[in-house]
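What follows is one structure encoded as structure tokens, with my remarks underneath.
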Amino acid sequence: MTVTDAPVTTREQAVGRPLAIVLGLLTTFGPISMDLYLPVLPALTAELRSSTSTAQLTITACLLGLAIGQVIAGPLSDRFGRRRPLLIGVAAYTVTSVLCAISPTVETLIAARFVQGLAGAVGIVIAQAAGRDVYEGAKLLRYYGRLTVLGGLAAIVGPVIGGQLSSVTDWRGVFLFLAGVGVAILVACLMIFKETLPVQRRAAGGFAHTLQDFRRLLADRVFVGAVLITGFTYSAIFAYLSGATFVLQGIYGLSPQGYSLAFGLNSLGFMIFGFLGGRLAERWSEKAMLIIGLAMATAGSVGLLVTAILHLPLIAVILSLFTMVGGVAAASPSATSLALRGYPDIAGTASSLLGLARFAFGGVAAPLVGIAGADNALPFGIVTVVSVAAAVACLGLIRARTTVGWAGTTVG
């Protein structure tokens with residue numbers, strides 16, 4: 001059965017608009033945690049008397065927390081359901097955002113950001129897993145396309161709000177704003193989010209059973225290929241998140257408000273191509289959209305490297321970034337669908353490995369762009385080119401898979 005002709009199930013019919021909105025909000029934990037305070041990162045660096053590379057560890061710590069937290073929360077949600085872990089995670093995110101705001105040193109902030117990432121990871125992994133609980137076929141692919149679009153929207157809104165907040169408050173106020181966002185999402189989850197994983201479909205067993213599930217996933221070439229492609233492409237994205245603020249503000253002289261507008265333009269491209277990536281994959285194929293997305297990302301990353309070497313004007317940077325992030329967005333729905341479509345019975349565990357690659361790879365890439373200092377864009381270009389090239393190399397792992405789903409439905 002192809003992704004375009006799956007039948008409408010009872011679970012799909014039960015999904016109302018409020019629940020769909022809440023599921024979308026959960027996937028914004030990553031973007032808002034990263035993007036909202038990027039415009040004030042240089043000011044944070046100065047106030048805490050930190051070096052550029054040390055300040056960027058606040059990004060790395062959050063990314064690693066987002067990665068590790070998903071590996072913990074995913075299997076737990078397969079075993080105990082989605083709702084209880086979700087509520088605990090959102091509440092913890094709110095508290096740790098306050099801890100970030102009152103951090104007296106950069107070392108304390110790095111530790112608080114790691115815990116904030118652990119808590120925020122719960123919402124991200126459950127957004128993906130709960131979607132797999134209630135959608136199938138083409139609707140599942142469109143759902144992951146919507147998550148990509150919402151992530152791009154959050155990436156647009158985050159820097160714009162962060163830039164505006166920087167005119168009325170300092171970086172500590174930005175983290176208090178994040179705490180307020182956490183409270184709002186917690187209230188929405190309490191009122192609207194109902195359990196999407198019935199007791200009869202939950203995973204049994206303890207740690208040994210979880211390890212068996214991980215081995216099952218890692219033995220699948222398609223799953224591994226999709227996960228690696230996601231990880232490497234998002235390492236380019238997080239290199240962008242980490243380095244663009246210093247490149248655009250430090251080298252090209254943009255104000256925090258100007259940076260937020262430039263960032264918003266590229267994030268608009270992320271939204272547009274994320275939507276198109278989900279829709280076009282239905283008409284063509286997931287692998288075709290992966291190839292198109294990676295071709296765009298390659299062109300954009302090479303443009304960034306050439307721009308850094310030749311010191312090209314600002315427009316070259318903006319166009320290259322737009323092309324690169326648009327390519328990653330175009331490939332993302334297909335990569336996510338390929339990874340999760342064959343594993344409805346362990347969607348949380350499968351989502352956790354996908355998230356681990358996305359944020360762990362990004363956490364490694366983020367500090368590398370600052371190695372040569374805030375006034376040198378060359379490492380930024382090198383990191384993005386290497387990341388996208390590695391993703392392209394993993395295309396060979398993607399091949400047809402035929403899997404029997406939880407209700408006996410064959411997909412592939």
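Following the order of the structure tokens, chains are lettered A, B, ..., residues in each are numbered from 1, and ligands are numbered from 1.
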Q | Close residues, region 376-391 of chain A itself excluded, 8 Å, only C-alpha atoms, min 6 positions apart in chain, as a VMD selection string | A | chain A and resid 228 to 233 235 to 237 239 to 240 243 247 251 294 297 to 298 301 to 302 304 to 306 308 to 309 365 368 to 370
Q) Near region 282-292 of chain A, counting only C-alpha atoms, which residues have an atom at most 10 Å away, once you skip same-chain residues fewer than 6 positions from it, shown as a PyMOL selection string? A) chain A and resi 2-5+137-139+141-142+226+229+276+298+327-338+391-392+395+398-400
(Q) Just list as a ChimeraX atom specification whatever in region 330-393 of chain A DSSP marks as alpha helix (DSSP H). (A) /A:330-340,347-365,378-393
Q) What does the distance from CA of Ile346 (chain A) to CA of Gly65 (chain A) come to in Å, to one decimal? A) 21.8 Å
**Q.** For Ala295 (chain A), the nearest of the candidates A:Ile192, A:Leu321, A:Gly326, A:Leu265, counting only C-alpha atoms
**A.**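 Selected residue with least distance to Ala295 (chain A): A:Gly326.
Computed from the coordinates, the CA of Ser242 (chain A) to CA of Ala366 (chain A) distance equals 5.4 Å.
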Within 12 Å of Lys194 (chain A), counting only C-alpha atoms, which residues qualify if same-chain residues fewer than 3 places away don't, as a PDB file with N, CA, C and O atoms, in the first residue's frame?
```
ATOM      1  N   ALA A  14     -10.775  10.425  15.031  1.00  0.00           N
ATOM      2  CA  ALA A  14     -10.948  10.947  16.382  1.00  0.00           C
ATOM      3  C   ALA A  14     -10.087  12.167  16.664  1.00  0.00           C
ATOM      4  O   ALA A  14     -10.216  12.799  17.692  1.00  0.00           O
ATOM      5  N   VAL A  15      -9.191  12.525  15.749  1.00  0.00           N
ATOM      6  CA  VAL A  15      -8.298  13.648  15.979  1.00  0.00           C
ATOM      7  C   VAL A  15      -9.019  14.941  15.639  1.00  0.00           C
ATOM      8  O   VAL A  15      -9.354  15.191  14.489  1.00  0.00           O
ATOM      9  N   GLY A  16      -9.280  15.762  16.651  1.00  0.00           N
ATOM     10  CA  GLY A  16      -9.906  17.048  16.421  1.00  0.00           C
ATOM     11  C   GLY A  16      -8.872  18.143  16.243  1.00  0.00           C
ATOM     12  O   GLY A  16      -7.684  17.959  16.498  1.00  0.00           O
ATOM     13  N   PRO A  18      -8.359  20.935  18.028  1.00  0.00           N
ATOM     14  CA  PRO A  18      -7.618  21.341  19.230  1.00  0.00           C
ATOM     15  C   PRO A  18      -6.430  20.427  19.540  1.00  0.00           C
ATOM     16  O   PRO A  18      -5.339  20.906  19.871  1.00  0.00           O
ATOM     17  N   LEU A  19      -6.636  19.096  19.435  1.00  0.00           N
ATOM     18  CA  LEU A  19      -5.529  18.179  19.701  1.00  0.00           C
ATOM     19  C   LEU A  19      -4.428  18.349  18.664  1.00  0.00           C
ATOM     20  O   LEU A  19      -3.235  18.331  19.001  1.00  0.00           O
ATOM     21  N   ALA A  20      -4.808  18.522  17.398  1.00  0.00           N
ATOM     22  CA  ALA A  20      -3.802  18.719  16.356  1.00  0.00           C
ATOM     23  C   ALA A  20      -2.975  19.963  16.628  1.00  0.00           C
ATOM     24  O   ALA A  20      -1.757  19.991  16.416  1.00  0.00           O
ATOM     25  N   VAL A  22      -2.388  21.327  19.635  1.00  0.00           N
ATOM     26  CA  VAL A  22      -1.506  21.055  20.778  1.00  0.00           C
ATOM     27  C   VAL A  22      -0.308  20.222  20.353  1.00  0.00           C
ATOM     28  O   VAL A  22       0.832  20.485  20.764  1.00  0.00           O
ATOM     29  N   LEU A  23      -0.538  19.208  19.520  1.00  0.00           N
ATOM     30  CA  LEU A  23       0.575  18.401  19.025  1.00  0.00           C
ATOM     31  C   LEU A  23       1.579  19.265  18.266  1.00  0.00           C
ATOM     32  O   LEU A  23       2.792  19.079  18.374  1.00  0.00           O
ATOM     33  N   GLY A  81       2.439   5.463  28.301  1.00  0.00           N
ATOM     34  CA  GLY A  81       1.515   6.371  27.644  1.00  0.00           C
ATOM     35  C   GLY A  81       2.156   7.732  27.412  1.00  0.00           C
ATOM     36  O   GLY A  81       3.235   8.028  27.911  1.00  0.00           O
ATOM     37  N   ARG A  82       1.468   8.564  26.641  1.00  0.00           N
ATOM     38  CA  ARG A  82       2.035   9.857  26.249  1.00  0.00           C
ATOM     39  C   ARG A  82       1.748  10.982  27.248  1.00  0.00           C
ATOM     40  O   ARG A  82       2.573  11.856  27.444  1.00  0.00           O
ATOM     41  N   ARG A  83       0.572  10.960  27.875  1.00  0.00           N
ATOM     42  CA  ARG A  83       0.117  12.142  28.606  1.00  0.00           C
ATOM     43  C   ARG A  83       0.923  12.402  29.878  1.00  0.00           C
ATOM     44  O   ARG A  83       1.346  13.537  30.124  1.00  0.00           O
ATOM     45  N   ARG A  84       1.130  11.375  30.703  1.00  0.00           N
ATOM     46  CA  ARG A  84       1.794  11.597  31.981  1.00  0.00           C
ATOM     47  C   ARG A  84       3.229  12.105  31.816  1.00  0.00           C
ATOM     48  O   ARG A  84       3.612  13.116  32.428  1.00  0.00           O
ATOM     49  N   LEU A  86       4.399  13.679  29.337  1.00  0.00           N
ATOM     50  CA  LEU A  86       4.321  15.000  28.725  1.00  0.00           C
ATOM     51  C   LEU A  86       4.095  16.087  29.779  1.00  0.00           C
ATOM     52  O   LEU A  86       4.781  17.117  29.780  1.00  0.00           O
ATOM     53  N   LEU A  87       3.140  15.878  30.664  1.00  0.00           N
ATOM     54  CA  LEU A  87       2.842  16.884  31.679  1.00  0.00           C
ATOM     55  C   LEU A  87       4.040  17.123  32.596  1.00  0.00           C
ATOM     56  O   LEU A  87       4.341  18.269  32.962  1.00  0.00           O
ATOM     57  N   ALA A 130       2.950  10.723  19.141  1.00  0.00           N
ATOM     58  CA  ALA A 130       1.491  10.808  19.193  1.00  0.00           C
ATOM     59  C   ALA A 130       0.912  10.962  17.797  1.00  0.00           C
ATOM     60  O   ALA A 130      -0.164  10.429  17.503  1.00  0.00           O
ATOM     61  N   VAL A 134      -1.956   8.365  15.822  1.00  0.00           N
ATOM     62  CA  VAL A 134      -3.286   8.719  15.316  1.00  0.00           C
ATOM     63  C   VAL A 134      -3.369   8.893  13.807  1.00  0.00           C
ATOM     64  O   VAL A 134      -4.464   9.034  13.263  1.00  0.00           O
ATOM     65  N   ALA A 188      -2.560  24.268  28.145  1.00  0.00           N
ATOM     66  CA  ALA A 188      -3.186  23.693  26.955  1.00  0.00           C
ATOM     67  C   ALA A 188      -3.177  22.169  27.006  1.00  0.00           C
ATOM     68  O   ALA A 188      -4.164  21.511  26.654  1.00  0.00           O
ATOM     69  N   CYS A 189      -2.053  21.591  27.465  1.00  0.00           N
ATOM     70  CA  CYS A 189      -1.965  20.126  27.555  1.00  0.00           C
ATOM     71  C   CYS A 189      -2.946  19.574  28.588  1.00  0.00           C
ATOM     72  O   CYS A 189      -3.590  18.549  28.365  1.00  0.00           O
ATOM     73  N   LEU A 190      -3.065  20.250  29.720  1.00  0.00           N
ATOM     74  CA  LEU A 190      -3.982  19.793  30.766  1.00  0.00           C
ATOM     75  C   LEU A 190      -5.429  19.811  30.277  1.00  0.00           C
ATOM     76  O   LEU A 190      -6.221  18.918  30.597  1.00  0.00           O
ATOM     77  N   MET A 191      -5.774  20.805  29.494  1.00  0.00           N
ATOM     78  CA  MET A 191      -7.164  20.972  29.072  1.00  0.00           C
ATOM     79  C   MET A 191      -7.517  20.133  27.844  1.00  0.00           C
ATOM     80  O   MET A 191      -8.663  19.695  27.706  1.00  0.00           O
ATOM     81  N   LEU A 197      -2.211   6.786  23.248  1.00  0.00           N
ATOM     82  CA  LEU A 197      -1.705   5.410  23.197  1.00  0.00           C
ATOM     83  C   LEU A 197      -2.476   4.553  24.186  1.00  0.00           C
ATOM     84  O   LEU A 197      -2.212   4.595  25.397  1.00  0.00           O
ATOM     85  N   PRO A 198      -3.454   3.764  23.712  1.00  0.00           N
ATOM     86  CA  PRO A 198      -4.245   2.929  24.617  1.00  0.00           C
ATOM     87  C   PRO A 198      -3.367   1.925  25.359  1.00  0.00           C
ATOM     88  O   PRO A 198      -2.282   1.547  24.892  1.00  0.00           O
TER      89      PRO A 198
END
```
